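Visitor: What follows is structure.txt, compact mmCIF, C-alpha atoms.
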# COMPACT_ATOMS: atom_id res chain seq x y z
CA MET E 1 118.15 97.09 139.15
CA ALA E 2 118.51 97.05 135.35
CA ALA E 3 121.19 99.15 133.69
CA ALA E 4 120.17 102.46 132.21
CA ALA E 5 119.15 102.57 128.57
CA LEU E 6 120.50 105.80 127.15
CA PHE E 7 119.64 107.51 123.87
CA LEU E 8 121.50 110.35 122.19
CA GLY E 9 119.33 112.96 120.49
CA LEU E 10 120.75 115.51 118.04
CA ASP E 11 118.85 118.50 116.66
CA VAL E 12 120.91 120.06 113.87
CA GLY E 13 119.05 123.27 113.10
CA THR E 14 119.49 126.54 111.28
CA GLN E 15 120.85 128.37 114.33
CA GLY E 16 122.89 125.61 115.91
CA VAL E 17 122.96 122.08 117.23
CA LYS E 18 121.55 120.74 120.49
CA ALA E 19 122.43 117.32 121.92
CA VAL E 20 120.85 115.46 124.81
CA VAL E 21 121.36 112.07 126.39
CA TYR E 22 118.08 110.67 127.69
CA ASP E 23 117.88 107.90 130.27
CA SER E 24 114.72 105.99 129.38
CA LYS E 25 114.74 103.98 132.62
CA GLY E 26 115.23 107.02 134.87
CA HIS E 27 113.05 109.21 132.64
CA GLN E 28 115.51 112.07 132.71
CA ILE E 29 118.07 113.91 130.64
CA VAL E 30 121.54 112.97 131.88
CA GLY E 31 123.70 114.89 129.41
CA ARG E 32 123.47 118.10 127.39
CA GLY E 33 125.51 119.85 124.76
CA ALA E 34 125.01 122.68 122.29
CA HIS E 35 126.81 124.87 119.82
CA LEU E 36 125.45 127.93 118.02
CA TRP E 37 126.30 129.06 114.51
CA ASN E 38 125.30 131.82 112.14
CA ILE E 39 124.24 132.26 108.58
CA ILE E 40 127.15 133.51 106.44
CA LYS E 41 126.98 137.30 106.29
CA SER E 42 125.95 138.60 102.87
CA ASP E 43 124.67 141.80 101.31
CA VAL E 44 122.73 139.78 98.71
CA PRO E 45 118.97 140.02 99.40
CA GLY E 46 117.44 136.67 100.34
CA ARG E 47 120.73 134.78 100.60
CA ALA E 48 120.96 132.37 103.55
CA GLU E 49 123.94 130.02 103.44
CA GLN E 50 126.09 128.01 105.83
CA HIS E 51 129.21 125.86 105.56
CA PRO E 52 128.25 122.16 105.91
CA ALA E 53 131.60 121.42 107.55
CA THR E 54 130.47 123.61 110.46
CA TRP E 55 127.44 121.35 110.97
CA VAL E 56 129.65 118.27 111.18
CA GLU E 57 132.31 119.77 113.45
CA ASP E 58 129.84 121.41 115.82
CA THR E 59 127.57 118.35 115.97
CA ILE E 60 130.58 116.31 117.10
CA THR E 61 131.39 118.98 119.70
CA ALA E 62 127.82 119.07 121.05
CA ALA E 63 127.61 115.26 121.14
CA LYS E 64 130.89 115.04 123.05
CA GLN E 65 129.58 117.61 125.54
CA ALA E 66 126.37 115.63 126.05
CA LEU E 67 128.24 112.32 126.37
CA SER E 68 130.86 113.56 128.84
CA GLY E 69 130.38 111.79 132.13
CA VAL E 70 128.05 109.20 130.56
CA ASP E 71 128.85 105.50 130.10
CA LYS E 72 128.81 105.42 126.29
CA SER E 73 128.34 101.63 126.28
CA LEU E 74 124.80 102.23 127.56
CA ILE E 75 123.81 104.22 124.44
CA LYS E 76 121.14 102.11 122.71
CA GLY E 77 120.24 104.46 119.89
CA ILE E 78 120.75 107.82 118.24
CA GLY E 79 118.04 110.10 116.87
CA VAL E 80 118.84 112.98 114.54
CA SER E 81 116.66 115.79 113.23
CA GLY E 82 117.87 118.47 110.88
CA GLN E 83 117.09 121.26 108.50
CA GLN E 84 115.02 120.44 105.45
CA HIS E 85 114.87 121.76 101.90
CA GLY E 86 118.44 122.95 101.83
CA LEU E 87 120.89 122.29 99.03
CA VAL E 88 124.38 120.94 99.59
CA ALA E 89 126.09 120.74 96.19
CA LEU E 90 128.59 117.88 95.95
CA ASP E 91 131.02 116.77 93.28
CA ALA E 92 131.22 113.16 92.04
CA SER E 93 133.46 112.19 94.98
CA GLY E 94 131.11 113.69 97.58
CA THR E 95 133.14 116.83 98.26
CA VAL E 96 131.11 119.93 99.14
CA LEU E 97 131.43 122.47 96.31
CA ARG E 98 130.04 125.61 97.94
CA PRO E 99 128.18 126.80 101.03
CA ALA E 100 124.77 125.17 101.50
CA LYS E 101 121.73 127.17 100.44
CA LEU E 102 119.38 126.87 103.42
CA TRP E 103 115.64 126.30 103.46
CA CYS E 104 115.16 130.00 104.30
CA ASP E 105 117.27 131.17 101.33
CA THR E 106 114.94 133.08 98.99
CA GLU E 107 117.54 134.16 96.46
CA SER E 108 115.86 131.72 94.07
CA ALA E 109 112.50 133.58 94.17
CA PRO E 110 112.67 134.40 90.42
CA GLU E 111 113.24 130.71 89.65
CA ALA E 112 110.33 129.79 91.94
CA ALA E 113 108.04 132.25 90.13
CA GLU E 114 109.13 130.91 86.74
CA LEU E 115 108.53 127.29 87.76
CA SER E 116 105.18 128.19 89.31
CA GLU E 117 104.06 129.84 86.09
CA LYS E 118 105.17 126.91 83.94
CA LEU E 119 103.67 124.27 86.23
CA GLY E 120 100.42 126.04 87.09
CA TYR E 121 100.87 125.69 90.84
CA THR E 122 102.96 127.44 93.47
CA VAL E 123 106.57 126.40 93.90
CA VAL E 124 108.07 128.30 96.82
CA PRO E 125 111.70 129.49 96.97
CA SER E 126 112.38 127.27 99.99
CA PHE E 127 112.04 124.14 97.83
CA THR E 128 115.29 122.62 96.66
CA ILE E 129 114.20 122.54 93.02
CA THR E 130 114.36 126.35 92.86
CA LYS E 131 117.85 126.32 94.35
CA LEU E 132 118.99 123.76 91.77
CA LEU E 133 117.77 125.97 88.95
CA TRP E 134 119.38 129.03 90.58
CA LEU E 135 122.65 127.13 90.92
CA LYS E 136 122.56 126.03 87.30
CA ARG E 137 122.06 129.63 86.15
CA HIS E 138 124.39 131.46 88.52
CA GLU E 139 127.06 128.91 89.43
CA PRO E 140 126.89 126.17 86.80
CA GLU E 141 130.27 124.79 87.87
CA ALA E 142 128.74 123.86 91.24
CA GLY E 143 125.62 122.13 89.85
CA ASP E 144 124.25 119.04 91.55
CA ALA E 145 121.86 116.46 90.10
CA SER E 146 120.00 115.60 93.29
CA GLY E 147 117.44 117.43 95.34
CA THR E 148 113.89 117.48 96.58
CA GLY E 149 110.74 118.68 94.91
CA LEU E 150 111.37 116.43 91.90
CA LEU E 151 109.27 113.45 92.98
CA ASP E 152 105.86 112.65 91.54
CA VAL E 153 104.46 111.30 94.80
CA ALA E 154 101.42 109.60 93.23
CA ALA E 155 103.53 107.76 90.64
CA ARG E 156 106.44 107.21 93.07
CA SER E 157 108.86 108.26 90.34
CA TRP E 158 110.89 111.27 89.30
CA ASP E 159 108.74 113.91 87.61
CA SER E 160 110.20 114.04 84.10
CA ARG E 161 108.27 117.21 83.20
CA LEU E 162 109.61 119.03 86.23
CA THR E 163 113.19 117.81 85.84
CA ALA E 164 113.13 118.87 82.17
CA LEU E 165 112.22 122.43 83.22
CA VAL E 166 115.49 122.58 85.13
CA ASP E 167 117.70 120.66 82.73
CA GLU E 168 116.90 118.27 79.89
CA HIS E 169 119.55 115.83 81.20
CA LEU E 170 118.68 116.04 84.92
CA LEU E 171 116.45 112.96 84.95
CA ASP E 172 119.33 110.83 83.65
CA LYS E 173 121.51 111.99 86.56
CA LEU E 174 119.09 111.16 89.38
CA PRO E 175 119.45 107.92 91.33
CA GLN E 176 117.10 105.00 90.79
CA LEU E 177 114.16 105.05 93.22
CA ILE E 178 113.61 101.91 95.26
CA GLY E 179 110.39 101.04 97.07
Here is a file; write its structure as structure tokens.

Guide:
Amino acid sequence: MAAAALFLGLDVGTQGVKAVVYDSKGHQIVGRGAHLWNIIKSDVPGRAEQHPATWVEDTITAAKQALSGVDKSLIKGIGVSGQQHGLVALDASGTVLRPAKLWCDTESAPEAAELSEKLGYTVVPSFTITKLLWLKRHEPEAGDASGTGLLDVAARSWDSRLTALVDEHLLDKLPQLIG
């Protein structure tokens, strides 16, 4: 009989991380792990933030739980899903500058309304572009030049009009797009 082909799956979500080891030959889950976390408590309306280090530490913990008792040499692949539209501000060396603003953070609603008015279409507070503008205005020392919501999908390039609404120099700070 052929050796098992195992796959590690990680779901890093807003409320915690779940890990499973799936045996594709036996068609069953052979390992499980999980760890829950919370949004940082705040009295600020709309604020939803977490510490990125928690994601890393707890993902390792959940993966170790799922892999305990499993022959790790049989792992053939790893699949990861995670939160979207959050903002993790980093410095030039890749160090996290502040707690991550999550997809469900609506503290940037005024920035979303302003961008929507200027652009003529709805930009929702969950988009990273609104969080970038909020960060620039409220915590300029923690600003970050990357994010989502800045791509002109049809042209497959950064949207210079949109980046200029946030900061006239933002386009120069974004990485080159390939492909």

Visitor: Could you tell me how far CA of Val88 in chain E sits from CA of Pro110 in chain E, in Å to one decimal place?

Guide: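 Taking CA of Pro110 in chain E and CA of Val88 in chain E, their separation equals 20.1 Å.
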
Visitor: Mind pulling up the distance from CA of Asp58 in chain E to CA of Thr95 in chain E?

Guide: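 Separation between CA of Thr95 in chain E and CA of Asp58 in chain E: 18.4 Å.
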
Visitor: Could you tell me how far CA of Ser108 in chain E sits from CA of His138 in chain E, in Å to one decimal place?

Guide: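 Answer for the CA of His138 in chain E to CA of Ser108 in chain E separation: 10.2 Å.
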
Visitor: Kindly indicate which residue among E:Gln28, E:Glu107, E:Gly82, E:Gly9 lies nearest to Asp43 in chain E, using only C-alpha atoms for the distances.

Guide: E:Glu107

Visitor: Tell me, as a list in words, which residues lie within 10 Å of Thr128 in chain E, counting only C-alpha atoms; anything in the same chain fewer than 2 positions away does not count.

Guide: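 In the requested format, the answer is Gln84, His85, Gly86, Leu87, Val88, Lys101, Leu102, Trp103, Asp105, Ser108, Ala112, Val123, Val124, Pro125, Ser126, Thr130, Lys131, Leu132, Leu133, Trp134, Ser146, Gly147, Thr148, Gly149 and Leu150 of chain E.
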
Visitor: So which one's closest to Gly31 in chain E, E:Glu57, E:Glu139, E:Asp71, E:Glu168? Using all atoms listed in the file, please.

Guide: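 The answer is E:Asp71, which sits nearest to Gly31 in chain E.
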
Visitor: For Lys25 in chain E, list every protein, DNA or RNA residue within 12 Å, evaluated using only C-alpha atoms, and leave out those in the same chain fewer than 3 positions away; present the list as an MDAnalysis selection string.

Guide: chainID E and resid 1:7 22 28:30 74 76

Visitor: Report as an mmCIF file with C-alpha atoms, in the frame of the given file all protein, DNA and RNA residues lying within 6 Å of Ala34 in chain E, evaluated on all atoms listed in the file, omitting residues in the same chain fewer than 5 positions from it.

Guide:
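Output saved as part36.cif:
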data_model
loop_
_atom_site.group_PDB
_atom_site.id
_atom_site.type_symbol
_atom_site.label_atom_id
_atom_site.label_comp_id
_atom_site.auth_asym_id
_atom_site.auth_seq_id
_atom_site.Cartn_x
_atom_site.Cartn_y
_atom_site.Cartn_z
ATOM 1 C CA VAL E 17 122.960 122.080 117.230
ATOM 2 C CA LYS E 18 121.550 120.740 120.490
ATOM 3 C CA ALA E 19 122.430 117.320 121.920
ATOM 4 C CA ALA E 62 127.820 119.070 121.050
#

Visitor: Considering only C-alpha atoms, state which residue in the set E:His51, E:Arg161, E:Arg98, E:Lys118 is at the smallest distance from Leu135 in chain E.

Guide: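 Looking only at the distances to Leu135 in chain E, the closest residue turns out to be E:Arg98.
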
Visitor: Name the residues in contact with Leu8 in chain E at a cut-off of 9 Å, using all atoms listed in the file, excluding same-chain residues fewer than 4 positions from it; report them as a count of residues only.

Guide: 14

Visitor: Output: range 48-62 of chain E of the preceding structure, restricted to all heavy atoms, written as a compact mmCIF listing (two decimals), in the first residue's frame.

Guide:
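Output file part-v6.txt is given in full below:
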# COMPACT_ATOMS: atom_id res chain seq x y z
N ALA E 48 -10.95 48.08 15.10
CA ALA E 48 -10.78 46.62 15.18
C ALA E 48 -9.34 46.32 14.81
O ALA E 48 -8.97 46.38 13.63
CB ALA E 48 -11.76 45.91 14.24
N GLU E 49 -8.54 46.02 15.82
CA GLU E 49 -7.11 45.82 15.61
C GLU E 49 -6.63 44.56 16.33
O GLU E 49 -7.24 44.15 17.33
CB GLU E 49 -6.31 47.03 16.12
CG GLU E 49 -6.65 48.31 15.39
CD GLU E 49 -5.88 49.53 15.91
OE1 GLU E 49 -5.41 49.51 17.07
OE2 GLU E 49 -5.76 50.50 15.16
N GLN E 50 -5.54 43.98 15.81
CA GLN E 50 -4.89 42.84 16.44
C GLN E 50 -3.38 42.99 16.29
O GLN E 50 -2.90 43.69 15.39
CB GLN E 50 -5.33 41.53 15.79
CG GLN E 50 -6.76 41.15 16.08
CD GLN E 50 -7.22 39.92 15.31
OE1 GLN E 50 -6.73 39.62 14.24
NE2 GLN E 50 -8.20 39.23 15.87
N HIS E 51 -2.65 42.27 17.13
CA HIS E 51 -1.20 42.26 17.05
C HIS E 51 -0.76 41.16 16.08
O HIS E 51 -1.03 39.98 16.33
CB HIS E 51 -0.58 42.03 18.44
CG HIS E 51 -0.83 43.12 19.40
ND1 HIS E 51 -0.26 44.37 19.27
CD2 HIS E 51 -1.62 43.18 20.50
CE1 HIS E 51 -0.67 45.15 20.26
NE2 HIS E 51 -1.50 44.46 21.02
N PRO E 52 -0.10 41.51 14.98
CA PRO E 52 0.35 40.48 14.03
C PRO E 52 1.22 39.40 14.64
O PRO E 52 1.18 38.25 14.21
CB PRO E 52 1.11 41.29 12.98
CG PRO E 52 0.45 42.64 13.01
CD PRO E 52 0.15 42.86 14.47
N ALA E 53 1.99 39.72 15.66
CA ALA E 53 2.82 38.70 16.30
C ALA E 53 1.97 37.58 16.87
O ALA E 53 2.39 36.40 16.87
CB ALA E 53 3.69 39.33 17.40
N THR E 54 0.77 37.89 17.32
CA THR E 54 -0.15 36.88 17.83
C THR E 54 -0.50 35.89 16.73
O THR E 54 -0.57 34.68 16.97
CB THR E 54 -1.45 37.54 18.37
OG1 THR E 54 -1.09 38.45 19.40
CG2 THR E 54 -2.43 36.52 18.90
N TRP E 55 -0.73 36.39 15.52
CA TRP E 55 -1.07 35.50 14.40
C TRP E 55 0.05 34.49 14.17
O TRP E 55 -0.20 33.31 13.99
CB TRP E 55 -1.29 36.29 13.11
CG TRP E 55 -2.32 37.35 13.16
CD1 TRP E 55 -3.41 37.44 13.99
CD2 TRP E 55 -2.37 38.51 12.32
NE1 TRP E 55 -4.13 38.57 13.71
CE2 TRP E 55 -3.52 39.26 12.69
CE3 TRP E 55 -1.58 38.99 11.30
CZ2 TRP E 55 -3.88 40.44 12.07
CZ3 TRP E 55 -1.94 40.18 10.67
CH2 TRP E 55 -3.08 40.89 11.06
N VAL E 56 1.27 34.98 14.17
CA VAL E 56 2.43 34.12 13.91
C VAL E 56 2.58 33.08 15.02
O VAL E 56 2.65 31.86 14.76
CB VAL E 56 3.72 34.95 13.75
CG1 VAL E 56 4.93 34.04 13.60
CG2 VAL E 56 3.60 35.91 12.56
N GLU E 57 2.62 33.55 16.25
CA GLU E 57 2.82 32.64 17.40
C GLU E 57 1.72 31.58 17.47
O GLU E 57 1.99 30.39 17.66
CB GLU E 57 2.86 33.45 18.69
CG GLU E 57 4.05 34.37 18.81
CD GLU E 57 3.86 35.47 19.86
OE1 GLU E 57 2.87 35.44 20.62
OE2 GLU E 57 4.72 36.37 19.91
N ASP E 58 0.47 32.02 17.33
CA ASP E 58 -0.64 31.09 17.49
C ASP E 58 -0.80 30.16 16.28
O ASP E 58 -1.30 29.04 16.42
CB ASP E 58 -1.94 31.84 17.77
CG ASP E 58 -1.91 32.51 19.14
OD1 ASP E 58 -1.01 32.20 19.95
OD2 ASP E 58 -2.79 33.34 19.41
N THR E 59 -0.39 30.61 15.10
CA THR E 59 -0.41 29.73 13.93
C THR E 59 0.60 28.61 14.12
O THR E 59 0.32 27.44 13.81
CB THR E 59 -0.14 30.53 12.65
OG1 THR E 59 -1.18 31.49 12.48
CG2 THR E 59 -0.10 29.62 11.42
N ILE E 60 1.76 28.93 14.65
CA ILE E 60 2.78 27.91 14.95
C ILE E 60 2.22 26.92 15.98
O ILE E 60 2.35 25.70 15.81
CB ILE E 60 4.09 28.56 15.43
CG1 ILE E 60 4.74 29.30 14.26
CG2 ILE E 60 5.03 27.51 16.02
CD1 ILE E 60 5.90 30.21 14.67
N THR E 61 1.58 27.43 17.02
CA THR E 61 0.99 26.57 18.05
C THR E 61 -0.05 25.63 17.46
O THR E 61 -0.04 24.43 17.72
CB THR E 61 0.36 27.43 19.18
OG1 THR E 61 1.40 28.21 19.78
CG2 THR E 61 -0.33 26.57 20.22
N ALA E 62 -0.96 26.17 16.66
CA ALA E 62 -2.02 25.34 16.06
C ALA E 62 -1.44 24.31 15.10
O ALA E 62 -1.90 23.16 15.06
CB ALA E 62 -3.04 26.23 15.35
